[in-house]
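Participant: Structure provided below as structure tokens; questions to follow.
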Amino acid sequence: MAITRLICYLLQVMVVMMMFPMVFNGLVNANHDYADALMKSILFFEGQRSGKLPSTQRLTWRKDSALQDGHDMGVDLVGGYYDAGDNLKFGFPMAFTMTLLAWSMIEFGEYLGPEFGHASEALQWGTDYLLKATAEANKVYVQVGDPYADHNCWERPEDMDTARTVVYVDAQHPGSEVAAEIAAALAAASIAFRASQSNYADKLLQRSIQVFDFATKYRGSYNDSVGRWVCPFYCDFSGYEDELIWGAAWLFKATKNVQYLNFAVITGRKPVWPAEFGWDDKHAGISVLLSKVYIFLKDSTEYYNKAEDFVCNTVPQSPTRTLKYSPGGLMFKPGGSNMQNPTSISFLLLVLSRYYGQQNFNCGSVQVNPSTFVHVVKSQVDYILGDNPLQMSYMVGYGAKFPQRIHHRGSSLPSKDTHPIGFKCKEGTPYFQSTNPNPNLLTGALIGGPDPNDAFFDNRSDFAHSEPTTYLVAPMVGVLAYFKDNA
Ligand SMILES: *[C@@H]1O[C@H](CO)[C@@H](O)[C@H](O)[C@H]1NC(C)=O
Ligand SMILES: *[C@@H]1O[C@H](CO)[C@@H](O)[C@H](O)[C@H]1NC(C)=O
């Protein structure tokens with residue numbers, strides 16, 4: 001029996017190796033410096049900070065910005081994160097980023113080592129803002145900035161002079177997806193902070209419960225309530241039900257109150273369940289999160305089966321796989337910024353490998369062993385760090401060769417240190433159009449990445465491939481921490 005299992009495991013590892021010849025044929029480094037990449041991935045969040053920067057700020061080319069956010073409406077919305085290469089604070093992806101960062105700390109915190117403090121600061125920078133955005137009952141501030149005006153300019157956040165439009169949802173204008181994602185982030189962060197800052201954890205959990213009540217009581221999509229402020233930027237395509245289940249799942253994990261588990265299970269009882277995980281669609285994340293508790297509590301395999309579907313759709317050795325891989329081995333799905341797929345799918349696979357040890361998943365006629373997921377995930381991480389046909393690291397500042405012209409206003413314009421005079425809206429355009437490298441390193445940034453054939457043109461105006469976002473990096477914090485100690 002044990003021998004059969006060993007042979008089966010070796011065969012699976014060989015399948016993974018055959019899928020990724022670049023990685024396994026010795027063309028590349030044995031191991032990357034995962035500790036360096038981890039440190040950089042957390043540093044990245046400092047580059048995206050909005051508000052008054054603390055004296056401990058390490059990315060010093062960034063300065064204070066958006067110090068009046070919310071002022072016109074008499075609320076304090078200073079702080080939080082710019083989501084990407086612009087100067088907007090979009091609450092929906094910001095909250096998802098914080099949920100993933102918290103999950104990274106919950107699942108892989110033991111490996112963060114000296115980076116634990118920096119990761120906590122990165123999470124708290126986001127959750128402090130989410131607390132401000134949810135301070136009023138039955139009202140959630142979901143965004144600051146006018147995306148049309150902002151995108152029309154190429155300005156540093158420190159100079160930004162476009163309207164700081166404040167967008168909110170309330171009982172008459174509901175936004176269940178954004179409110180429930182914020183509830184998920186606050187609940188997950190309460191778990192991440194439980195041991196180190198218990199009073200803060202209590203506050204986050206209390207708020208999460210309130211915001212989740214609001215999300216479920218007043219149902220509707222922010223698509224309809226705030227329309228053009230969020231669509232087509234962070235339009236909710238997958239509907240708000242997945243966020244309600246996701247929020248309930250995190251609240252169950254944080255409170256152990258079965259009312260949340262029952263809500264999640266009843267709302268999620270669907271035969272078809274997408275194998276997707278990103279800022280819009282949370283289904284695969286819910287499957288992974290609930291698969292374990294639900295088996296334990298109800299002796300039902302409903303969510304385990306959904307997690308199995310995700311695995312069978314994803315891993316190279318599965319005969320029913322739908323996910324594509326580039327010739328060089330990177331996970332690929334059509335549309336938008338692809339890097340969301342290898343980073344967030346890798347995170348879920350690594351969590352599953354820890355949950356299920358030697359228990360096999362059944363993919364058609366093939367039994368897939370979760371311990372082999374570590375090899376799949378490592379192939380993605382190593383590709384991202386430079387083991388790919390171009391030998392290009394897709395993390396800014398990591399390795400010998402990395403993207404020089406990322407689509408990011410602050411990174412591509414001279415900093416206030418070298419150019420103290422402000423740039424007006426269109427005065428930044430020559431820097432946007434220039435083929436020179438960006439002057440400021442947004443260390444640790446991950447960008448959309450290569451095309452389906454492993455080609456990458458390092459072109460600033462091609463935002464689908466060259467723009468960094470916070471939710472690409474957040475799952476990598478946990479994955480890199482794991483490989484730092486377990487490579
Ligand atoms: C939000 O808008 C997009 C684009 O119009 C649409 O495809 C999607 O179905 C809408 N989502 C909801 C929940 O109404
Ligand atoms: C850069 O990308 C833009 C937008 O995708 C494209 O129009 C342009 O031709 C590209 N430039 C180069 C030099 O490839």
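Chain labels run A, B, ... following the order of the structure tokens; each chain numbers its residues from 1, and ligands are numbered from 1 in the order shown.
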Using only C-alpha atoms and all ligand atoms, what are the residues with an atom within 9 Å of ligand 1, set out as a ChimeraX atom specification?
Facilitator: /A:177,220-224,227,231-232,235-241
Participant: Applying 9 Å and only C-alpha atoms, which residues near A:Ser434 remain after dropping the ones on its own chain fewer than 4 positions away? List them as a list in words.
Facilitator: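 Once the nearby chain positions are removed, what remains is Thr429, Pro430 and Arg460 of chain A.
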Participant: Atoms to include: all heavy atoms. Write the selected residues as a PDB file, in the first residue's frame.
Facilitator:
ATOM      1  N   THR A 429       2.551  63.738 -18.873  1.00  0.00           N
ATOM      2  CA  THR A 429       2.415  62.930 -20.092  1.00  0.00           C
ATOM      3  C   THR A 429       3.748  62.535 -20.740  1.00  0.00           C
ATOM      4  O   THR A 429       3.910  61.375 -21.129  1.00  0.00           O
ATOM      5  CB  THR A 429       1.504  63.655 -21.111  1.00  0.00           C
ATOM      6  OG1 THR A 429       0.286  63.986 -20.445  1.00  0.00           O
ATOM      7  CG2 THR A 429       1.201  62.801 -22.319  1.00  0.00           C
ATOM      8  N   PRO A 430       4.723  63.468 -20.844  1.00  0.00           N
ATOM      9  CA  PRO A 430       6.004  63.053 -21.455  1.00  0.00           C
ATOM     10  C   PRO A 430       6.667  61.895 -20.701  1.00  0.00           C
ATOM     11  O   PRO A 430       7.332  61.061 -21.309  1.00  0.00           O
ATOM     12  CB  PRO A 430       6.863  64.326 -21.374  1.00  0.00           C
ATOM     13  CG  PRO A 430       5.903  65.457 -21.237  1.00  0.00           C
ATOM     14  CD  PRO A 430       4.712  64.910 -20.530  1.00  0.00           C
ATOM     15  N   ARG A 460       5.011  50.706 -20.846  1.00  0.00           N
ATOM     16  CA  ARG A 460       4.237  51.400 -19.809  1.00  0.00           C
ATOM     17  C   ARG A 460       2.783  51.617 -20.183  1.00  0.00           C
ATOM     18  O   ARG A 460       1.903  51.599 -19.318  1.00  0.00           O
ATOM     19  CB  ARG A 460       4.911  52.745 -19.498  1.00  0.00           C
ATOM     20  CG  ARG A 460       4.441  53.403 -18.225  1.00  0.00           C
ATOM     21  CD  ARG A 460       5.190  54.706 -17.956  1.00  0.00           C
ATOM     22  NE  ARG A 460       6.585  54.505 -17.650  1.00  0.00           N
ATOM     23  CZ  ARG A 460       7.599  54.884 -18.425  1.00  0.00           C
ATOM     24  NH1 ARG A 460       7.384  55.524 -19.568  1.00  0.00           N
ATOM     25  NH2 ARG A 460       8.834  54.646 -18.076  1.00  0.00           N
TER      26      ARG A 460
END
Participant: Choose the residue, out of A:Asp242, A:Glu107, A:Asp462, A:Glu155, that has the smallest atom-to-atom separation from ligand 2; count only C-alpha atoms and all ligand atoms.
Facilitator: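 Among the listed residues, the smallest separation from ligand 2 belongs to A:Asp462.
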Participant: With 10 Å as the cut-off and only C-alpha atoms and all ligand atoms counted, what is the closest atom pair between each nearby residue of chain A and ligand 2? Distances in Å to one decimal, ordered by chain and number, as a Markdown table.
Facilitator:
| residue | atom | partner | partner_atom_place_in_ligand_line | distance |
| --- | --- | --- | --- | --- |
| A:Gln433 | CA | ligand 2 | 1 (C) | 9.5 |
| A:Thr435 | CA | ligand 2 | 13 (C) | 8.3 |
| A:Phe456 | CA | ligand 2 | 14 (O) | 9.7 |
| A:Phe457 | CA | ligand 2 | 14 (O) | 6.4 |
| A:Asp458 | CA | ligand 2 | 14 (O) | 8.2 |
| A:Asn459 | CA | ligand 2 | 1 (C) | 4.9 |
| A:Arg460 | CA | ligand 2 | 1 (C) | 6.7 |
| A:Ser461 | CA | ligand 2 | 2 (O) | 4.9 |
| A:Asp462 | CA | ligand 2 | 5 (O) | 3.9 |
| A:Phe463 | CA | ligand 2 | 5 (O) | 7.2 |
| A:Ala464 | CA | ligand 2 | 5 (O) | 8.0 |
| A:His465 | CA | ligand 2 | 5 (O) | 8.7 |
| A:Ser466 | CA | ligand 2 | 2 (O) | 9.4 |
Participant: Mind listing the alpha helix (DSSP H) residues of stretch 105-141 of chain A, per DSSP on the backbone, as a list in words?
Facilitator: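 The alpha helix (DSSP H) residues within stretch 105-141 of chain A come out as Met105, Ile106, Glu107, Phe108, Phe116, Gly117, His118, Ala119, Ser120, Glu121, Ala122, Leu123, Gln124, Trp125, Gly126, Thr127, Asp128, Tyr129, Leu130, Leu131, Lys132 and Ala133 of chain A.
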Participant: If we count only C-alpha atoms, what is near A:Pro93 at a cut-off of 10 Å, once residues fewer than 3 positions away on the same chain are taken out, given as a PyMOL selection string?
Facilitator: chain A and resi 81-84+89-90+96-99+178+181-182+234+278-280+469-471
Participant: Considering only C-alpha atoms, tabulate each residue of stretch 81-154 of chain A that lies at most 12 Å from stretch 32-48 of chain A along with its nearest interatomic pair and the corresponding distance in Å to one decimal; arrange the rows by chain and ascending residue number and present them as a Markdown table.
Facilitator:
| residue | atom | partner | partner_atom | distance |
| --- | --- | --- | --- | --- |
| A:Tyr81 | CA | A:Gln48 | CA | 5.4 |
| A:Tyr82 | CA | A:Gln48 | CA | 5.3 |
| A:Asp83 | CA | A:Gln48 | CA | 7.2 |
| A:Ala84 | CA | A:Gln48 | CA | 7.5 |
| A:Gly85 | CA | A:Gln48 | CA | 8.7 |
| A:Asp86 | CA | A:Gln48 | CA | 9.6 |
| A:Asn87 | CA | A:Gln48 | CA | 8.9 |
| A:Leu88 | CA | A:Gln48 | CA | 10.3 |
| A:Lys89 | CA | A:Gln48 | CA | 10.0 |
| A:Met94 | CA | A:Gln48 | CA | 10.8 |
| A:Thr97 | CA | A:Phe45 | CA | 10.4 |
| A:Met98 | CA | A:Phe45 | CA | 10.9 |
| A:Leu101 | CA | A:Ile42 | CA | 9.6 |
| A:Ser104 | CA | A:Ile42 | CA | 11.4 |
| A:Met105 | CA | A:Ile42 | CA | 11.6 |
| A:Phe108 | CA | A:Leu38 | CA | 11.9 |
| A:Tyr111 | CA | A:Ala35 | CA | 10.0 |
| A:Leu112 | CA | A:Leu38 | CA | 8.3 |
| A:Gly113 | CA | A:Ala35 | CA | 9.7 |
| A:Pro114 | CA | A:Met39 | CA | 9.1 |
| A:Glu115 | CA | A:Met39 | CA | 6.6 |
| A:Phe116 | CA | A:Ile42 | CA | 9.7 |
| A:Gly117 | CA | A:Ile42 | CA | 10.2 |
| A:His118 | CA | A:Ile42 | CA | 6.8 |
| A:Ala119 | CA | A:Ile42 | CA | 6.1 |
| A:Ser120 | CA | A:Ile42 | CA | 9.6 |
| A:Glu121 | CA | A:Ile42 | CA | 9.3 |
| A:Ala122 | CA | A:Phe45 | CA | 6.3 |
| A:Leu123 | CA | A:Phe45 | CA | 9.1 |
| A:Gln124 | CA | A:Phe45 | CA | 11.2 |
| A:Trp125 | CA | A:Phe45 | CA | 9.1 |
| A:Gly126 | CA | A:Phe45 | CA | 9.7 |
Participant: When distances are computed from only C-alpha atoms, which of A:Gly386, A:Pro54, A:Gly364, A:Pro475 shows the smallest separation from A:Gly329?
Facilitator: A:Gly386
Participant: Going by DSSP on the backbone, which bits of stretch 267-375 of chain A are strand (DSSP E or B)? Write them as a PyMOL selection string, please.
Facilitator: chain A and resi 324-325+331-332+361-363+366-368
Participant: List the spatial neighbours of A:Arg156 as number ranges by chain - criterion: any atom at most 8 Å away, only C-alpha atoms, same-chain residues fewer than 2 positions off excluded.
Facilitator: A: 87, 154, 158-160, 409-410, 413, 423
Participant: Would you put the residues from that selection into a file with all heavy atoms, as a compact mmCIF listing (two decimals), in the first residue's frame?
Facilitator:
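This is the output file result_16.txt:
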# COMPACT_ATOMS: atom_id res chain seq x y z
N ASN A 87 -4.33 56.92 -8.70
CA ASN A 87 -4.39 57.50 -7.37
C ASN A 87 -5.79 57.40 -6.77
O ASN A 87 -6.29 58.30 -6.11
CB ASN A 87 -3.95 58.96 -7.44
CG ASN A 87 -2.55 59.09 -8.00
OD1 ASN A 87 -1.69 58.27 -7.71
ND2 ASN A 87 -2.32 60.12 -8.81
N TRP A 154 -1.66 62.20 -15.65
CA TRP A 154 -0.53 61.37 -15.20
C TRP A 154 0.19 62.18 -14.14
O TRP A 154 1.08 62.97 -14.42
CB TRP A 154 0.36 61.01 -16.39
CG TRP A 154 1.29 59.87 -16.10
CD1 TRP A 154 2.63 59.96 -15.80
CD2 TRP A 154 0.98 58.48 -16.08
NE1 TRP A 154 3.15 58.71 -15.58
CE2 TRP A 154 2.16 57.77 -15.75
CE3 TRP A 154 -0.19 57.73 -16.29
CZ2 TRP A 154 2.21 56.37 -15.63
CZ3 TRP A 154 -0.14 56.35 -16.18
CH2 TRP A 154 1.05 55.68 -15.86
N GLU A 158 1.18 62.72 -4.71
CA GLU A 158 1.51 63.87 -3.86
C GLU A 158 1.01 65.18 -4.48
O GLU A 158 0.86 66.18 -3.77
CB GLU A 158 3.04 63.95 -3.65
CG GLU A 158 3.61 62.79 -2.82
CD GLU A 158 3.89 61.52 -3.61
OE1 GLU A 158 3.69 61.51 -4.85
OE2 GLU A 158 4.29 60.51 -2.99
N ASP A 159 0.81 65.23 -5.81
CA ASP A 159 0.36 66.45 -6.50
C ASP A 159 -1.10 66.43 -6.90
O ASP A 159 -1.64 67.44 -7.36
CB ASP A 159 1.12 66.62 -7.84
CG ASP A 159 2.60 66.81 -7.67
OD1 ASP A 159 3.01 67.32 -6.61
OD2 ASP A 159 3.34 66.45 -8.60
N MET A 160 -1.69 65.28 -6.80
CA MET A 160 -3.00 65.05 -7.39
C MET A 160 -3.98 66.18 -7.08
O MET A 160 -4.13 66.58 -5.92
CB MET A 160 -3.45 63.71 -6.86
CG MET A 160 -4.87 63.47 -6.69
SD MET A 160 -5.03 61.80 -6.08
CE MET A 160 -4.44 61.92 -4.42
N ARG A 409 1.94 55.78 -11.82
CA ARG A 409 2.23 57.21 -11.88
C ARG A 409 3.40 57.59 -10.97
O ARG A 409 4.38 58.20 -11.41
CB ARG A 409 0.96 58.00 -11.52
CG ARG A 409 -0.06 57.97 -12.66
CD ARG A 409 -1.45 58.37 -12.19
NE ARG A 409 -2.41 58.42 -13.31
CZ ARG A 409 -2.90 57.36 -13.93
NH1 ARG A 409 -2.53 56.14 -13.60
NH2 ARG A 409 -3.77 57.50 -14.93
N GLY A 410 3.31 57.23 -9.70
CA GLY A 410 4.35 57.62 -8.75
C GLY A 410 5.72 57.08 -9.12
O GLY A 410 6.74 57.77 -8.98
N LEU A 413 7.18 58.99 -12.53
CA LEU A 413 7.47 60.42 -12.50
C LEU A 413 8.61 60.68 -11.52
O LEU A 413 8.75 59.95 -10.54
CB LEU A 413 6.22 61.20 -12.06
CG LEU A 413 5.11 61.27 -13.11
CD1 LEU A 413 3.75 61.51 -12.45
CD2 LEU A 413 5.41 62.37 -14.13
N PHE A 423 3.71 68.54 -10.59
CA PHE A 423 3.30 68.35 -11.99
C PHE A 423 1.79 68.52 -12.07
O PHE A 423 1.07 67.91 -11.29
CB PHE A 423 3.63 66.94 -12.47
CG PHE A 423 5.09 66.64 -12.58
CD1 PHE A 423 5.75 65.94 -11.58
CD2 PHE A 423 5.80 67.03 -13.71
CE1 PHE A 423 7.10 65.64 -11.69
CE2 PHE A 423 7.16 66.72 -13.83
CZ PHE A 423 7.81 66.03 -12.81
Participant: Could you name the residues that touch A:Ala184 at 10 Å or less, counting only C-alpha atoms, but leaving out those on the same chain fewer than 6 positions away, as a PyMOL selection string?
Facilitator: chain A and resi 95-96+98-100+102+178+190+205+208-209+211-212+243-251+254
Participant: Hey, can you spit out that residue selection with N, CA and C atoms as a compact mmCIF listing (two decimals), in the first residue's frame?
Facilitator:
# COMPACT_ATOMS: atom_id res chain seq x y z
N ALA A 95 -10.42 46.01 0.04
CA ALA A 95 -10.86 45.09 1.08
C ALA A 95 -10.41 43.66 0.76
N PHE A 96 -10.53 43.25 -0.50
CA PHE A 96 -10.10 41.89 -0.88
C PHE A 96 -8.60 41.71 -0.62
N MET A 98 -6.89 43.13 1.67
CA MET A 98 -6.69 42.98 3.12
C MET A 98 -7.13 41.59 3.59
N THR A 99 -8.20 41.05 2.97
CA THR A 99 -8.62 39.69 3.33
C THR A 99 -7.50 38.70 3.01
N LEU A 100 -6.90 38.85 1.83
CA LEU A 100 -5.82 37.94 1.43
C LEU A 100 -4.56 38.12 2.27
N ALA A 102 -4.49 39.16 5.34
CA ALA A 102 -4.80 38.55 6.64
C ALA A 102 -4.72 37.02 6.55
N VAL A 178 -19.51 44.90 -1.78
CA VAL A 178 -18.41 45.67 -1.19
C VAL A 178 -18.51 45.65 0.34
N SER A 190 -9.16 40.30 12.23
CA SER A 190 -9.31 40.09 13.69
C SER A 190 -8.62 38.80 14.10
N LEU A 205 -13.56 42.82 14.86
CA LEU A 205 -14.60 41.80 14.79
C LEU A 205 -15.98 42.40 15.02
N SER A 208 -16.93 44.12 11.91
CA SER A 208 -17.23 43.15 10.86
C SER A 208 -18.68 42.66 10.99
N ILE A 209 -19.08 42.36 12.22
CA ILE A 209 -20.44 41.86 12.46
C ILE A 209 -21.47 42.90 12.01
N VAL A 211 -21.08 45.40 9.84
CA VAL A 211 -21.05 45.65 8.39
C VAL A 211 -21.68 44.45 7.64
N PHE A 212 -21.46 43.27 8.17
CA PHE A 212 -22.07 42.09 7.54
C PHE A 212 -23.60 42.15 7.66
N GLU A 243 -19.73 37.13 -2.17
CA GLU A 243 -19.16 37.89 -1.05
C GLU A 243 -19.96 37.67 0.24
N LEU A 244 -21.28 37.50 0.12
CA LEU A 244 -22.06 37.24 1.34
C LEU A 244 -21.62 35.92 1.97
N ILE A 245 -21.41 34.90 1.14
CA ILE A 245 -20.98 33.59 1.67
C ILE A 245 -19.57 33.70 2.25
N TRP A 246 -18.71 34.38 1.52
CA TRP A 246 -17.31 34.58 1.92
C TRP A 246 -17.24 35.34 3.24
N GLY A 247 -18.02 36.40 3.36
CA GLY A 247 -18.05 37.18 4.60
C GLY A 247 -18.54 36.31 5.76
N ALA A 248 -19.59 35.51 5.50
CA ALA A 248 -20.12 34.63 6.55
C ALA A 248 -19.09 33.57 6.94
N ALA A 249 -18.37 33.05 5.95
CA ALA A 249 -17.36 32.02 6.24
C ALA A 249 -16.27 32.59 7.15
N TRP A 250 -15.82 33.81 6.85
CA TRP A 250 -14.79 34.43 7.69
C TRP A 250 -15.33 34.77 9.07
N LEU A 251 -16.59 35.20 9.11
CA LEU A 251 -17.17 35.51 10.42
C LEU A 251 -17.34 34.24 11.25
N ALA A 254 -13.99 33.49 12.64
CA ALA A 254 -13.57 34.44 13.68
C ALA A 254 -14.41 34.31 14.96
Participant: Point out the residue among A:Ile406, A:Leu77, A:Leu446, A:Ala188 with the least atom-to-atom distance to A:Thr343, counting only C-alpha atoms.
Facilitator: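 Closest residue, counting only C-alpha atoms: A:Leu446.
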Participant: Given only C-alpha atoms as the basis, pick out the residue of A:Val366, A:Val477, A:Ala183, A:Ala400 nearest to A:Phe214.
Facilitator: A:Ala183
Participant: Write out as a PDB file with N, CA and C atoms, in the first residue's frame each polymer residue whose atoms come within 9 Å of A:Arg164, counting only C-alpha atoms; drop sequence neighbours fewer than 5 positions from it.
Facilitator:
ATOM      1  N   ALA A  66      -3.225  63.045  -0.441  1.00  0.00           N
ATOM      2  CA  ALA A  66      -4.672  62.914  -0.199  1.00  0.00           C
ATOM      3  C   ALA A  66      -5.043  63.139   1.274  1.00  0.00           C
ATOM      4  N   GLN A  68      -6.857  65.386   2.521  1.00  0.00           N
ATOM      5  CA  GLN A  68      -8.199  65.957   2.730  1.00  0.00           C
ATOM      6  C   GLN A  68      -9.315  64.982   2.360  1.00  0.00           C
ATOM      7  N   ASP A  69      -8.964  63.729   2.109  1.00  0.00           N
ATOM      8  CA  ASP A  69     -10.003  62.791   1.638  1.00  0.00           C
ATOM      9  C   ASP A  69     -11.181  62.716   2.625  1.00  0.00           C
ATOM     10  N   GLY A  70     -12.371  62.951   2.096  1.00  0.00           N
ATOM     11  CA  GLY A  70     -13.590  62.901   2.909  1.00  0.00           C
ATOM     12  C   GLY A  70     -13.976  64.242   3.510  1.00  0.00           C
ATOM     13  N   ASP A  72     -14.718  67.231   2.420  1.00  0.00           N
ATOM     14  CA  ASP A  72     -15.890  67.937   1.876  1.00  0.00           C
ATOM     15  C   ASP A  72     -17.199  67.412   2.455  1.00  0.00           C
ATOM     16  N   LEU A  88      -6.429  56.266  -7.035  1.00  0.00           N
ATOM     17  CA  LEU A  88      -7.794  56.053  -6.571  1.00  0.00           C
ATOM     18  C   LEU A  88      -7.813  55.059  -5.427  1.00  0.00           C
ATOM     19  N   VAL A 144     -12.814  56.634  -2.893  1.00  0.00           N
ATOM     20  CA  VAL A 144     -12.480  58.058  -2.933  1.00  0.00           C
ATOM     21  C   VAL A 144     -11.698  58.338  -4.214  1.00  0.00           C
ATOM     22  N   GLY A 145     -12.168  59.328  -4.960  1.00  0.00           N
ATOM     23  CA  GLY A 145     -11.506  59.720  -6.198  1.00  0.00           C
ATOM     24  C   GLY A 145     -12.459  59.637  -7.373  1.00  0.00           C
ATOM     25  N   ASP A 146     -12.198  60.438  -8.381  1.00  0.00           N
ATOM     26  CA  ASP A 146     -12.997  60.426  -9.604  1.00  0.00           C
ATOM     27  C   ASP A 146     -12.180  59.678 -10.663  1.00  0.00           C
TER      28      ASP A 146
END
Participant: Of the candidates A:Ile345, A:Ile191, A:Val230, A:Val258, which one gets nearest to A:Val376 if we count only C-alpha atoms?
Facilitator: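 Result for the nearest residue to A:Val376: A:Ile345.
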Participant: Using only C-alpha atoms for the distances, tell me which of A:Gly74, A:Gly109, A:Gly448, A:Gly397 is nearest to A:Gly336.
Facilitator: A:Gly448
Participant: Determine, counting only C-alpha atoms, which protein, DNA and RNA residues have an atom within 8 Å of an atom of A:Asn440; residues of the same chain fewer than 4 positions away are not included. Present the result as an NGL selection string.
Facilitator: :A and (61 or 410-415)
